[in-house]
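J.: Contents of final-v8.cif (mmCIF, C-alpha atoms) are given next:
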data_coords
#
loop_
_atom_site.label_atom_id
_atom_site.label_comp_id
_atom_site.auth_asym_id
_atom_site.auth_seq_id
_atom_site.Cartn_x
_atom_site.Cartn_y
_atom_site.Cartn_z
CA MET A 1 29.52 23.94 -44.91
CA LYS A 2 31.85 25.37 -42.29
CA THR A 3 29.93 28.20 -40.66
CA VAL A 4 31.22 30.80 -38.20
CA GLY A 5 29.15 33.10 -36.00
CA ILE A 6 30.73 36.47 -35.18
CA ILE A 7 29.39 38.64 -32.35
CA LEU A 8 30.36 42.30 -32.51
CA ALA A 9 30.81 43.72 -29.02
CA GLY A 10 32.16 47.22 -29.63
CA GLY A 11 30.82 50.32 -27.93
CA THR A 12 32.08 52.18 -24.91
CA GLY A 13 28.84 53.16 -23.19
CA ASN A 14 29.03 56.90 -23.90
CA ARG A 15 25.47 57.23 -25.22
CA PHE A 16 24.26 54.74 -22.63
CA GLY A 17 25.69 56.93 -19.87
CA SER A 18 27.56 54.22 -17.97
CA LYS A 19 31.14 53.49 -16.97
CA ILE A 20 30.51 49.93 -18.12
CA PRO A 21 29.75 49.29 -21.83
CA LYS A 22 26.08 48.42 -22.29
CA GLN A 23 26.80 44.91 -23.60
CA TYR A 24 28.15 43.97 -20.16
CA MET A 25 25.25 45.46 -18.16
CA SER A 26 22.90 43.09 -16.36
CA LEU A 27 19.59 42.35 -18.09
CA ASN A 28 17.19 40.35 -15.92
CA GLY A 29 20.11 38.69 -14.14
CA LYS A 30 22.37 38.00 -17.14
CA ILE A 31 24.69 40.35 -19.01
CA VAL A 32 23.33 41.55 -22.35
CA ILE A 33 25.94 39.89 -24.56
CA GLN A 34 25.46 36.51 -22.90
CA TYR A 35 21.96 36.22 -24.39
CA VAL A 36 23.52 36.37 -27.86
CA ILE A 37 26.36 33.99 -27.00
CA ASP A 38 23.91 31.47 -25.53
CA ALA A 39 21.64 31.63 -28.59
CA PHE A 40 24.61 31.00 -30.89
CA ILE A 41 25.98 28.14 -28.80
CA ASN A 42 22.64 26.42 -28.24
CA SER A 43 21.70 26.62 -31.93
CA TYR A 44 24.47 24.12 -32.78
CA LEU A 45 24.71 25.80 -36.19
CA PHE A 46 28.24 27.17 -35.92
CA ASN A 47 31.56 25.36 -36.18
CA GLU A 48 33.14 28.27 -34.31
CA ILE A 49 31.90 31.36 -32.51
CA ILE A 50 34.03 34.51 -32.39
CA VAL A 51 33.42 37.50 -30.13
CA VAL A 52 35.04 40.78 -31.20
CA MET A 53 35.49 42.57 -27.91
CA ASP A 54 37.71 44.48 -25.51
CA GLU A 55 39.73 41.72 -23.88
CA LYS A 56 39.56 43.33 -20.45
CA TYR A 57 35.90 42.25 -20.25
CA GLN A 58 36.59 38.68 -21.37
CA HIS A 59 36.17 37.35 -17.82
CA LEU A 60 32.50 38.40 -17.85
CA ILE A 61 31.37 36.08 -20.64
CA LYS A 62 30.78 32.33 -20.58
CA GLY A 63 31.02 29.72 -23.30
CA ASN A 64 33.41 28.15 -25.77
CA VAL A 65 34.21 31.15 -27.97
CA LYS A 66 37.25 32.73 -29.58
CA ILE A 67 38.15 36.34 -28.87
CA ALA A 68 39.16 38.85 -31.55
CA PRO A 69 40.34 42.38 -30.69
CA LEU A 70 38.20 45.43 -31.26
CA GLY A 71 39.03 47.74 -34.15
CA LYS A 72 38.90 51.52 -34.13
CA THR A 73 35.93 51.37 -36.53
CA ARG A 74 33.14 48.88 -37.23
CA LYS A 75 34.92 47.91 -40.44
CA GLU A 76 38.13 47.10 -38.55
CA SER A 77 36.20 45.06 -35.98
CA VAL A 78 34.53 43.04 -38.73
CA GLN A 79 37.92 42.46 -40.38
CA ASN A 80 39.43 41.38 -37.07
CA GLY A 81 36.68 38.80 -36.70
CA LEU A 82 37.18 37.55 -40.25
CA ALA A 83 40.94 37.33 -39.72
CA ILE A 84 40.71 34.54 -37.15
CA CYS A 85 38.08 32.48 -39.01
CA PRO A 86 39.41 29.11 -40.20
CA THR A 87 40.67 29.28 -43.79
CA ASP A 88 38.03 26.80 -44.95
CA THR A 89 35.14 28.91 -43.62
CA GLU A 90 32.31 29.20 -46.13
CA ILE A 91 29.59 31.16 -44.31
CA VAL A 92 29.80 33.94 -41.70
CA LEU A 93 26.88 35.32 -39.71
CA PHE A 94 27.25 38.56 -37.74
CA HIS A 95 25.13 39.81 -34.86
CA ASP A 96 25.41 42.77 -32.50
CA SER A 97 26.02 41.97 -28.85
CA VAL A 98 23.46 44.61 -27.85
CA ARG A 99 20.56 42.93 -29.65
CA PRO A 100 19.76 40.30 -26.99
CA PHE A 101 16.40 39.15 -28.37
CA ILE A 102 17.88 36.89 -31.04
CA GLN A 103 16.40 33.41 -30.78
CA ILE A 104 17.81 30.02 -31.65
CA THR A 105 14.98 29.49 -34.13
CA ASP A 106 15.87 32.69 -36.01
CA LEU A 107 19.30 31.64 -37.19
CA GLN A 108 18.70 28.73 -39.58
CA GLN A 109 16.82 30.86 -42.11
CA TYR A 110 19.90 33.05 -42.70
CA LEU A 111 22.05 30.04 -43.47
CA ASP A 112 19.41 28.60 -45.78
CA ASN A 113 18.98 31.82 -47.77
CA ILE A 114 22.68 32.68 -48.21
CA LYS A 115 23.05 29.75 -50.61
CA ASN A 116 21.31 31.70 -53.38
CA ASN A 117 22.21 35.27 -52.36
CA ASP A 118 25.28 37.39 -51.70
CA ALA A 119 23.89 38.67 -48.40
CA VAL A 120 21.02 37.94 -46.02
CA VAL A 121 20.10 41.00 -43.98
CA THR A 122 17.56 41.70 -41.24
CA TYR A 123 15.23 44.62 -41.80
CA GLU A 124 12.39 46.39 -40.06
CA PRO A 125 9.78 48.53 -41.86
CA ILE A 126 9.60 52.18 -40.84
CA THR A 127 6.40 53.01 -38.97
CA ASP A 128 7.15 56.65 -38.08
CA ALA A 129 6.74 59.50 -40.54
CA LEU A 130 9.78 60.57 -42.57
CA PHE A 131 10.44 64.25 -43.28
CA TYR A 132 9.67 64.87 -46.96
CA ALA A 133 10.10 61.22 -47.88
CA GLU A 134 7.90 58.20 -48.51
CA ARG A 135 8.60 55.72 -45.75
CA GLU A 136 7.54 52.78 -47.95
CA LYS A 137 10.67 53.36 -50.05
CA PHE A 138 12.99 52.94 -47.04
CA ARG A 139 13.70 50.28 -44.43
CA LEU A 140 15.76 49.95 -41.26
CA VAL A 141 18.67 47.51 -41.47
CA GLN A 142 19.73 45.42 -38.47
CA THR A 143 21.83 42.41 -37.60
CA PRO A 144 21.90 39.44 -38.07
CA GLU A 145 23.69 39.80 -41.40
CA CYS A 146 24.98 36.73 -43.23
CA PHE A 147 27.57 36.43 -46.03
CA LYS A 148 29.69 34.08 -48.08
CA PHE A 149 33.05 34.24 -46.31
CA ASN A 150 35.41 34.60 -49.28
CA VAL A 151 33.28 37.27 -50.98
CA LEU A 152 33.07 39.43 -47.86
CA LYS A 153 36.71 39.01 -46.86
CA GLU A 154 37.90 40.12 -50.30
CA LYS A 155 35.52 43.00 -50.97
CA ILE A 156 35.70 44.52 -47.50
CA LYS A 157 39.33 45.48 -48.11
CA GLU A 158 38.31 48.16 -50.61
CA SER A 159 35.20 49.42 -48.82
CA LYS A 160 34.79 52.58 -46.79
CA ASN A 161 33.72 52.44 -43.17
CA PHE A 162 30.11 51.34 -42.77
CA ILE A 163 27.29 50.71 -40.33
CA GLY A 164 25.50 47.96 -42.26
CA ILE A 165 28.06 45.28 -43.13
CA TYR A 166 26.28 44.59 -46.43
CA GLU A 167 27.48 48.05 -47.62
CA SER A 168 30.99 46.61 -48.05
CA ILE A 169 29.86 44.35 -50.92
CA TYR A 170 26.92 46.36 -52.29
CA PRO A 171 25.59 46.32 -55.01
CA CYS A 172 24.79 42.65 -54.60
CA SER A 173 21.84 40.28 -54.33
CA ILE A 174 20.26 40.64 -50.88
CA LYS A 175 17.60 38.55 -49.21
CA PHE A 176 15.85 40.66 -46.56
CA ILE A 177 14.40 38.93 -43.50
CA LYS A 178 11.96 40.43 -41.01
CA LEU A 179 11.97 38.72 -37.63
CA ASN A 180 8.62 37.91 -36.03
CA HIS A 181 9.61 39.35 -32.66
CA PRO A 182 11.33 42.49 -31.29
CA ASN A 183 15.00 42.87 -32.21
CA LEU A 184 15.68 45.82 -29.93
CA LYS A 185 19.15 47.34 -29.94
CA ILE A 186 20.18 48.65 -26.54
CA THR A 187 21.66 52.11 -27.07
CA TYR A 188 20.37 54.31 -24.25
CA SER A 189 19.70 53.53 -20.59
CA ASN A 190 15.93 53.50 -21.09
CA ASP A 191 16.42 50.79 -23.73
CA LEU A 192 17.68 48.48 -21.01
CA TYR A 193 14.53 49.05 -18.98
CA LEU A 194 12.41 48.47 -22.09
CA ALA A 195 14.33 45.25 -22.80
CA GLU A 196 13.66 44.01 -19.26
CA GLN A 197 9.94 44.43 -19.83
CA LEU A 198 9.94 43.02 -23.38
CA MET A 199 11.68 39.87 -22.18
CA LYS A 200 8.62 39.13 -20.09
CA TYR A 201 6.33 39.44 -23.10
CA SER A 202 4.92 36.44 -24.93
CA PRO A 203 2.35 36.81 -27.71
CA VAL A 204 -1.00 35.11 -27.35
CA THR A 205 -0.83 31.70 -29.00
CA LYS A 206 -4.16 30.44 -30.28
CA ARG A 207 -4.14 26.69 -30.77
CA GLU A 208 -6.00 23.56 -29.74
CA SER A 209 -4.42 20.98 -27.47
CA ASP A 210 -4.97 17.28 -27.98
CA VAL A 211 -6.46 16.42 -24.60
CA TYR A 212 -8.34 13.25 -25.48
CA GLY A 213 -7.87 10.72 -22.69
CA LYS A 214 -5.62 13.04 -20.67
CA ASN A 215 -6.02 13.52 -16.92
CA ILE A 216 -6.43 17.18 -16.05
CA LEU A 217 -6.89 18.85 -12.66
CA ILE A 218 -8.63 22.22 -12.52
CA LEU A 219 -8.43 24.32 -9.36
CA GLY A 220 -11.17 26.93 -9.14
CA GLY A 221 -13.26 24.69 -11.31
CA THR A 222 -16.61 26.09 -10.24
CA GLY A 223 -15.75 29.71 -11.09
CA GLY A 224 -16.41 31.36 -14.44
CA ILE A 225 -13.11 30.48 -16.11
CA GLY A 226 -12.78 27.13 -14.36
CA GLN A 227 -16.30 26.02 -15.28
CA ALA A 228 -15.77 27.03 -18.90
CA LEU A 229 -12.50 25.08 -18.96
CA THR A 230 -14.16 22.05 -17.43
CA ASP A 231 -16.89 22.03 -20.08
CA ILE A 232 -14.48 22.52 -22.99
CA LEU A 233 -12.06 19.83 -21.84
CA ILE A 234 -14.74 17.24 -21.09
CA ASP A 235 -16.26 17.88 -24.52
CA SER A 236 -12.79 17.25 -25.99
CA GLY A 237 -12.50 13.87 -24.30
CA ALA A 238 -10.30 14.77 -21.32
CA LYS A 239 -10.67 13.14 -17.92
CA VAL A 240 -11.20 16.17 -15.71
CA ASP A 241 -11.04 16.57 -11.94
CA SER A 242 -12.59 19.98 -11.38
CA LEU A 243 -12.31 21.24 -7.80
CA GLY A 244 -14.07 24.22 -6.28
CA SER A 245 -13.62 25.86 -2.90
CA LYS A 246 -15.88 23.25 -1.26
CA ASP A 247 -13.59 20.48 -2.54
CA ILE A 248 -10.23 22.03 -1.63
CA ASP A 249 -9.59 25.06 0.58
CA LEU A 250 -6.75 27.07 -0.95
CA SER A 251 -7.10 29.86 1.60
CA GLN A 252 -5.41 27.77 4.29
CA GLU A 253 -1.65 27.44 4.77
CA GLU A 254 -1.92 23.66 4.61
CA ILE A 255 -3.47 22.37 1.41
CA LEU A 256 -5.32 19.08 1.76
CA MET A 257 -6.12 17.24 -1.45
CA PRO A 258 -9.40 15.29 -1.53
CA TYR A 259 -8.81 11.78 -0.21
CA ASP A 260 -9.61 10.04 -3.49
CA LEU A 261 -7.03 12.22 -5.35
CA LYS A 262 -4.14 12.01 -2.90
CA ASP A 263 -2.06 9.55 -4.92
CA LYS A 264 -3.09 10.69 -8.39
CA LYS A 265 -0.92 12.36 -11.05
CA TRP A 266 -2.18 14.47 -13.91
CA ASP A 267 -1.05 15.37 -17.41
CA SER A 268 -1.86 19.00 -16.66
CA ILE A 269 -2.86 21.08 -13.66
CA ILE A 270 -4.61 24.39 -14.26
CA HIS A 271 -4.75 26.78 -11.31
CA CYS A 272 -7.47 29.33 -11.98
CA ALA A 273 -8.69 29.82 -8.42
CA GLY A 274 -8.56 33.41 -7.24
CA ALA A 275 -9.44 35.65 -4.31
CA TYR A 276 -10.18 39.35 -4.45
CA CYS A 277 -10.83 42.22 -2.08
CA ASN A 278 -11.02 45.98 -2.19
CA ASP A 279 -8.19 47.67 -0.30
CA LYS A 280 -10.73 49.70 1.64
CA GLU A 281 -11.65 46.51 3.45
CA GLY A 282 -8.15 46.50 4.94
CA LEU A 283 -4.83 45.39 3.47
CA LEU A 284 -3.68 43.38 6.47
CA LYS A 285 -7.17 42.12 7.21
CA ASN A 286 -7.34 40.34 3.85
CA TYR A 287 -3.64 39.65 3.39
CA ASP A 288 -3.67 35.97 4.33
CA LYS A 289 -6.72 35.14 2.23
CA ILE A 290 -5.51 36.95 -0.90
CA MET A 291 -1.93 35.73 -0.69
CA ASN A 292 -2.83 32.16 0.24
CA VAL A 293 -5.28 31.64 -2.60
CA ASN A 294 -3.56 33.67 -5.32
CA LEU A 295 0.07 32.98 -4.47
CA ARG A 296 0.82 30.47 -1.73
CA SER A 297 -1.41 27.74 -3.18
CA ALA A 298 0.19 28.26 -6.61
CA ILE A 299 3.63 27.92 -5.01
CA TYR A 300 2.44 24.65 -3.44
CA PHE A 301 1.59 23.21 -6.84
CA ILE A 302 4.80 24.55 -8.40
CA GLU A 303 6.91 23.00 -5.65
CA ASN A 304 5.05 19.71 -5.72
CA ALA A 305 4.62 19.53 -9.50
CA PRO A 306 7.15 16.67 -9.95
CA ASN A 307 4.92 14.55 -7.68
CA LEU A 308 1.64 15.70 -9.20
CA VAL A 309 2.31 16.14 -12.93
CA ASN A 310 3.43 13.45 -15.34
CA LYS A 311 6.64 14.04 -17.29
CA GLY A 312 5.84 15.88 -20.48
CA GLY A 313 2.92 17.54 -18.74
CA SER A 314 2.16 21.13 -17.84
CA LEU A 315 1.27 23.44 -14.99
CA ILE A 316 -0.76 26.49 -16.02
CA LEU A 317 -1.41 29.36 -13.63
CA VAL A 318 -4.03 32.04 -14.25
CA GLY A 319 -2.74 35.49 -13.39
CA SER A 320 -4.02 38.94 -14.29
CA THR A 321 -3.05 42.03 -16.28
CA ALA A 322 -3.28 43.78 -12.90
CA SER A 323 0.19 42.35 -12.26
CA THR A 324 1.85 44.89 -14.57
CA LYS A 325 1.35 47.86 -12.23
CA GLY A 326 -0.10 48.33 -8.79
CA ARG A 327 -3.76 49.27 -9.21
CA GLN A 328 -5.32 51.79 -6.88
CA GLY A 329 -8.00 50.13 -4.77
CA VAL A 330 -6.77 46.61 -5.51
CA ALA A 331 -3.09 46.97 -4.61
CA LEU A 332 -3.04 43.74 -2.61
CA TYR A 333 -4.62 41.76 -5.43
CA SER A 334 -2.16 43.31 -7.92
CA ALA A 335 0.75 42.43 -5.65
CA SER A 336 -0.34 38.80 -5.40
CA LYS A 337 -0.54 38.47 -9.19
CA SER A 338 2.77 40.25 -9.73
CA ALA A 339 4.46 37.91 -7.25
CA LEU A 340 2.86 34.95 -9.02
CA ASN A 341 4.53 35.93 -12.29
CA THR A 342 7.91 36.40 -10.62
CA ILE A 343 7.78 33.04 -8.85
CA ALA A 344 6.77 31.31 -12.07
CA GLU A 345 9.55 32.98 -14.09
CA GLY A 346 12.10 31.82 -11.57
CA MET A 347 10.80 28.23 -11.56
CA VAL A 348 10.58 27.63 -15.32
CA GLU A 349 14.02 26.02 -15.60
CA PRO A 350 13.74 23.78 -12.50
CA LEU A 351 10.41 22.41 -13.75
CA LYS A 352 11.75 22.10 -17.29
CA ASN A 353 14.47 19.87 -15.88
CA GLU A 354 11.68 17.72 -14.44
CA GLY A 355 9.98 17.51 -17.83
CA ILE A 356 7.15 19.89 -16.90
CA ASN A 357 6.15 23.03 -18.81
CA LEU A 358 5.05 26.08 -16.82
CA HIS A 359 2.96 28.99 -18.13
CA VAL A 360 1.06 31.95 -16.68
CA ILE A 361 -1.96 33.28 -18.57
CA CYS A 362 -2.87 36.82 -17.50
CA PRO A 363 -6.24 37.97 -18.82
CA ALA A 364 -7.76 41.42 -18.55
CA LYS A 365 -11.23 41.67 -16.99
CA VAL A 366 -13.26 38.52 -17.56
CA ALA A 367 -17.07 38.52 -17.47
CA THR A 368 -17.50 36.40 -14.35
CA ASN A 369 -19.65 36.67 -11.24
CA LEU A 370 -16.58 38.01 -9.45
CA GLN A 371 -16.44 40.91 -11.90
CA LYS A 372 -20.13 41.58 -11.31
CA TYR A 373 -19.30 41.94 -7.63
CA ILE A 374 -16.23 44.10 -8.27
CA ASN A 375 -17.71 46.29 -11.02
CA PRO A 376 -21.50 46.02 -10.79
CA LYS A 377 -22.03 48.87 -13.27
CA ALA A 378 -19.55 47.61 -15.88
CA ASN A 379 -20.81 46.20 -19.18
CA GLN A 380 -19.77 42.54 -19.16
CA LYS A 381 -20.17 42.37 -22.93
CA GLU A 382 -17.09 44.59 -23.18
CA MET A 383 -15.01 42.11 -21.14
CA ILE A 384 -13.32 38.86 -22.15
CA GLN A 385 -15.86 36.06 -22.07
CA PRO A 386 -15.03 33.02 -19.89
CA GLU A 387 -15.26 30.53 -22.76
CA ALA A 388 -12.90 32.62 -24.91
CA ILE A 389 -10.14 32.84 -22.29
CA ALA A 390 -10.71 29.18 -21.38
CA ARG A 391 -9.89 28.19 -24.98
CA VAL A 392 -6.69 30.26 -24.87
CA ILE A 393 -5.65 28.57 -21.62
CA ALA A 394 -6.49 25.11 -22.97
CA GLY A 395 -4.19 25.74 -25.92
CA TYR A 396 -1.18 25.71 -23.62
CA ILE A 397 -1.88 22.27 -22.10
CA ASP A 398 0.34 20.42 -24.60
CA PHE A 399 2.22 23.43 -26.00
CA ASN A 400 5.77 22.32 -26.80
CA GLU A 401 7.39 25.39 -25.23
CA THR A 402 7.64 26.56 -21.65
CA GLY A 403 8.00 29.75 -19.63
CA HIS A 404 5.36 31.89 -21.31
CA VAL A 405 3.78 34.71 -19.32
CA VAL A 406 0.96 35.75 -21.63
CA TYR A 407 -1.09 38.94 -21.25
CA VAL A 408 -4.47 38.67 -22.94
CA LYS A 409 -6.27 41.94 -23.61
CA VAL A 410 -9.87 42.31 -24.75
CA GLY A 411 -9.93 41.51 -28.46
CA GLN A 412 -6.82 39.29 -28.34
CA GLU A 413 -8.62 36.23 -27.08
#
Now, as a test, write the supplied structure out as structure tokens.
T.:
Amino acid sequence: MKTVGIILAGGTGNRFGSKIPKQYMSLNGKIVIQYVIDAFINSYLFNEIIVVMDEKYQHLIKGNVKIAPLGKTRKESVQNGLAICPTDTEIVLFHDSVRPFIQITDLQQYLDNIKNNDAVVTYEPITDALFYAEREKFRLVQTPECFKFNVLKEKIKESKNFIGIYESIYPCSIKFIKLNHPNLKITYSNDLYLAEQLMKYSPVTKRESDVYGKNILILGGTGGIGQALTDILIDSGAKVDSLGSKDIDLSQEEILMPYDLKDKKWDSIIHCAGAYCNDKEGLLKNYDKIMNVNLRSAIYFIENAPNLVNKGGSLILVGSTASTKGRQGVALYSASKSALNTIAEGMVEPLKNEGINLHVICPAKVATNLQKYINPKANQKEMIQPEAIARVIAGYIDFNETGHVVYVKVGQE
């Protein structure tokens, strides 16, 4: 079936409060609309992709797309997109340019479900209270919206202006789809900030990796998390090299691998070594130690991963939820973990090109000896247990995705 994807890029930025329409604002280094264009292109589901937009911004977008002019209303913009579809188009799927969280894996289900329905529409249940109304009887409607081309093109002529495109052919048979991730629409300036943070979010994935016979290097292997990982992986049949601070000194600028491991490559390297200090001890006094162990040594393994990790393998770094905001008393530690996340995010694609997956697992407080030192009065039973977080980390060893920065709170492990 000939299928066309249409991206609606109207909007002038009035509510957003910018001279530049929100769809052309930068979001984590890429303009908002480009996330949608890239998802459409890389899905390989569309014979053509059309962007309905103000042509004066055409130079900002990238990709093999057709341009249709904006209409004065949403209805006119939809019609303008339909007007330049090939005459033999069978299916059209619309998405708003200011909903940048659409994923490649989302799109196929719309095309599958339109075969037996007049429309396939995204919805979100209402979680707030409604004034004198039962919220269960209502739902929020979003894009993507998918239609049979000929039905929509004919019926839209007689419809009034609309917000939801499905309104132009309603009543009709509708299949509603709820996405399993945020589908935020950027409307106001604070939405852009929220989107920047949400893009860093990855849900905790609980799974078991097949590690039997695999070579795995653990850094910080004698600590609470590292020891738990070592035990779990050995029990699962992995060949584990577990190094503690006596085996490899990560606090030094030059990292020297043990002699018998110098020429070895692993299927996965897990960096869970960490250094900690209270800021009262002196920020500059402890700077080198904290930054070398928590950050510089991780950068070493990121940079040298192609020489240390087999293709198809993984590099997993253990961060901390302290990276989300500078914590009073442990600002230096927080800074090292925040920088770790940023470095990893920037190196996902280069390592992906080398056939290596990169993840950062950021747990909340873990019941280790280090935590006993940091918080001697805290109840360790209320913390994440080392074995529990070790199993989460182990699940990412052969995970078939990359680039996840995962925050694990107590109760999520």
J.: Rounded to one decimal place, report the CA of Val32 in chain A-CA of Thr143 in chain A distance in Å.
T.: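 Going from CA of Val32 in chain A over to CA of Thr143 in chain A covers 15.3 Å.
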J.: Which residues are near range 229-233 of chain A? Cut-off 12 Å, only C-alpha atoms, ignore same chain within fewer than 4 positions. Put them as a PyMOL selection string.
T.: chain A and resi 208-225+237-244+268-272+318+385-395+397
J.: When you count only C-alpha atoms, which of these residues is closest to Glu48 in chain A: A:Gly63, A:Gly5, A:Gly29, A:Gly282?
T.: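 Of all the options, A:Gly5 lies closest to Glu48 in chain A.
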J.: Evaluated on this file, the PyMOL selection byres ((chain A and resi 106) around 12) picks out some residues - which ones are they, written as a compact mmCIF listing (two decimals) with C-alpha atoms, in the frame of the given file?
T.:
# COMPACT_ATOMS: atom_id res chain seq x y z
CA VAL A 36 23.52 36.37 -27.86
CA ALA A 39 21.64 31.63 -28.59
CA PHE A 40 24.61 31.00 -30.89
CA SER A 43 21.70 26.62 -31.93
CA LEU A 45 24.71 25.80 -36.19
CA LEU A 93 26.88 35.32 -39.71
CA HIS A 95 25.13 39.81 -34.86
CA PHE A 101 16.40 39.15 -28.37
CA ILE A 102 17.88 36.89 -31.04
CA GLN A 103 16.40 33.41 -30.78
CA ILE A 104 17.81 30.02 -31.65
CA THR A 105 14.98 29.49 -34.13
CA LEU A 107 19.30 31.64 -37.19
CA GLN A 108 18.70 28.73 -39.58
CA GLN A 109 16.82 30.86 -42.11
CA TYR A 110 19.90 33.05 -42.70
CA LEU A 111 22.05 30.04 -43.47
CA ASP A 112 19.41 28.60 -45.78
CA THR A 122 17.56 41.70 -41.24
CA THR A 143 21.83 42.41 -37.60
CA PRO A 144 21.90 39.44 -38.07
CA GLU A 145 23.69 39.80 -41.40
CA ILE A 177 14.40 38.93 -43.50
CA LYS A 178 11.96 40.43 -41.01
CA LEU A 179 11.97 38.72 -37.63
CA ASN A 180 8.62 37.91 -36.03
CA HIS A 181 9.61 39.35 -32.66
CA PRO A 182 11.33 42.49 -31.29
CA ASN A 183 15.00 42.87 -32.21
J.: How many Å lie between CA of Pro125 in chain A and CA of Gly411 in chain A, rounded to one decimal?
T.: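 Taking CA of Pro125 in chain A and CA of Gly411 in chain A, their separation equals 24.8 Å.
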J.: The residues within 12 Å of (8.5, 21.9, -11.6), using all atoms listed in the file and the coordinates of the file, should be reported as number ranges by chain; which are they?
T.: A: 268-269, 298-316, 343-359, 402-403
J.: Next, dump the selected residues to file, keeping only C-alpha atoms, as a PDB file, in the frame of the given file.
T.:
ATOM      1  CA  SER A 268      -1.860  19.000 -16.660  1.00  0.00           C
ATOM      2  CA  ILE A 269      -2.860  21.080 -13.660  1.00  0.00           C
ATOM      3  CA  ALA A 298       0.190  28.260  -6.610  1.00  0.00           C
ATOM      4  CA  ILE A 299       3.630  27.920  -5.010  1.00  0.00           C
ATOM      5  CA  TYR A 300       2.440  24.650  -3.440  1.00  0.00           C
ATOM      6  CA  PHE A 301       1.590  23.210  -6.840  1.00  0.00           C
ATOM      7  CA  ILE A 302       4.800  24.550  -8.400  1.00  0.00           C
ATOM      8  CA  GLU A 303       6.910  23.000  -5.650  1.00  0.00           C
ATOM      9  CA  ASN A 304       5.050  19.710  -5.720  1.00  0.00           C
ATOM     10  CA  ALA A 305       4.620  19.530  -9.500  1.00  0.00           C
ATOM     11  CA  PRO A 306       7.150  16.670  -9.950  1.00  0.00           C
ATOM     12  CA  ASN A 307       4.920  14.550  -7.680  1.00  0.00           C
ATOM     13  CA  LEU A 308       1.640  15.700  -9.200  1.00  0.00           C
ATOM     14  CA  VAL A 309       2.310  16.140 -12.930  1.00  0.00           C
ATOM     15  CA  ASN A 310       3.430  13.450 -15.340  1.00  0.00           C
ATOM     16  CA  LYS A 311       6.640  14.040 -17.290  1.00  0.00           C
ATOM     17  CA  GLY A 312       5.840  15.880 -20.480  1.00  0.00           C
ATOM     18  CA  GLY A 313       2.920  17.540 -18.740  1.00  0.00           C
ATOM     19  CA  SER A 314       2.160  21.130 -17.840  1.00  0.00           C
ATOM     20  CA  LEU A 315       1.270  23.440 -14.990  1.00  0.00           C
ATOM     21  CA  ILE A 316      -0.760  26.490 -16.020  1.00  0.00           C
ATOM     22  CA  ILE A 343       7.780  33.040  -8.850  1.00  0.00           C
ATOM     23  CA  ALA A 344       6.770  31.310 -12.070  1.00  0.00           C
ATOM     24  CA  GLU A 345       9.550  32.980 -14.090  1.00  0.00           C
ATOM     25  CA  GLY A 346      12.100  31.820 -11.570  1.00  0.00           C
ATOM     26  CA  MET A 347      10.800  28.230 -11.560  1.00  0.00           C
ATOM     27  CA  VAL A 348      10.580  27.630 -15.320  1.00  0.00           C
ATOM     28  CA  GLU A 349      14.020  26.020 -15.600  1.00  0.00           C
ATOM     29  CA  PRO A 350      13.740  23.780 -12.500  1.00  0.00           C
ATOM     30  CA  LEU A 351      10.410  22.410 -13.750  1.00  0.00           C
ATOM     31  CA  LYS A 352      11.750  22.100 -17.290  1.00  0.00           C
ATOM     32  CA  ASN A 353      14.470  19.870 -15.880  1.00  0.00           C
ATOM     33  CA  GLU A 354      11.680  17.720 -14.440  1.00  0.00           C
ATOM     34  CA  GLY A 355       9.980  17.510 -17.830  1.00  0.00           C
ATOM     35  CA  ILE A 356       7.150  19.890 -16.900  1.00  0.00           C
ATOM     36  CA  ASN A 357       6.150  23.030 -18.810  1.00  0.00           C
ATOM     37  CA  LEU A 358       5.050  26.080 -16.820  1.00  0.00           C
ATOM     38  CA  HIS A 359       2.960  28.990 -18.130  1.00  0.00           C
ATOM     39  CA  THR A 402       7.640  26.560 -21.650  1.00  0.00           C
ATOM     40  CA  GLY A 403       8.000  29.750 -19.630  1.00  0.00           C
TER      41      GLY A 403
END
J.: Find the distance between CA of Val78 in chain A and CA of Pro21 in chain A and write it in Å to one decimal.
T.: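 Distance reported for this atom pair: 18.6 Å.
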J.: Let me have the centre and edge lengths in Å, one decimal, of the box along x, y and z around every listed atom of range 233-245 of chain A with 5 Å of margin on each side, as lines of an AutoDock Vina configuration file.
T.:
center_x = -13.3
center_y = 19.5
center_z = -14.4
size_x = 16.0
size_y = 22.7
size_z = 33.1
J.: Which residues match the PyMOL selection byres ((chain A and resi 381) around 12) in the file above, as an mmCIF file with C-alpha atoms, keeping the file's coordinate frame?
T.:
data_model
loop_
_atom_site.group_PDB
_atom_site.id
_atom_site.type_symbol
_atom_site.label_atom_id
_atom_site.label_comp_id
_atom_site.auth_asym_id
_atom_site.auth_seq_id
_atom_site.Cartn_x
_atom_site.Cartn_y
_atom_site.Cartn_z
ATOM 1 C CA LYS A 365 -11.230 41.670 -16.990
ATOM 2 C CA VAL A 366 -13.260 38.520 -17.560
ATOM 3 C CA ALA A 367 -17.070 38.520 -17.470
ATOM 4 C CA THR A 368 -17.500 36.400 -14.350
ATOM 5 C CA GLN A 371 -16.440 40.910 -11.900
ATOM 6 C CA LYS A 372 -20.130 41.580 -11.310
ATOM 7 C CA LYS A 377 -22.030 48.870 -13.270
ATOM 8 C CA ALA A 378 -19.550 47.610 -15.880
ATOM 9 C CA ASN A 379 -20.810 46.200 -19.180
ATOM 10 C CA GLN A 380 -19.770 42.540 -19.160
ATOM 11 C CA GLU A 382 -17.090 44.590 -23.180
ATOM 12 C CA MET A 383 -15.010 42.110 -21.140
ATOM 13 C CA ILE A 384 -13.320 38.860 -22.150
ATOM 14 C CA GLN A 385 -15.860 36.060 -22.070
ATOM 15 C CA PRO A 386 -15.030 33.020 -19.890
ATOM 16 C CA VAL A 410 -9.870 42.310 -24.750
ATOM 17 C CA GLY A 411 -9.930 41.510 -28.460
#
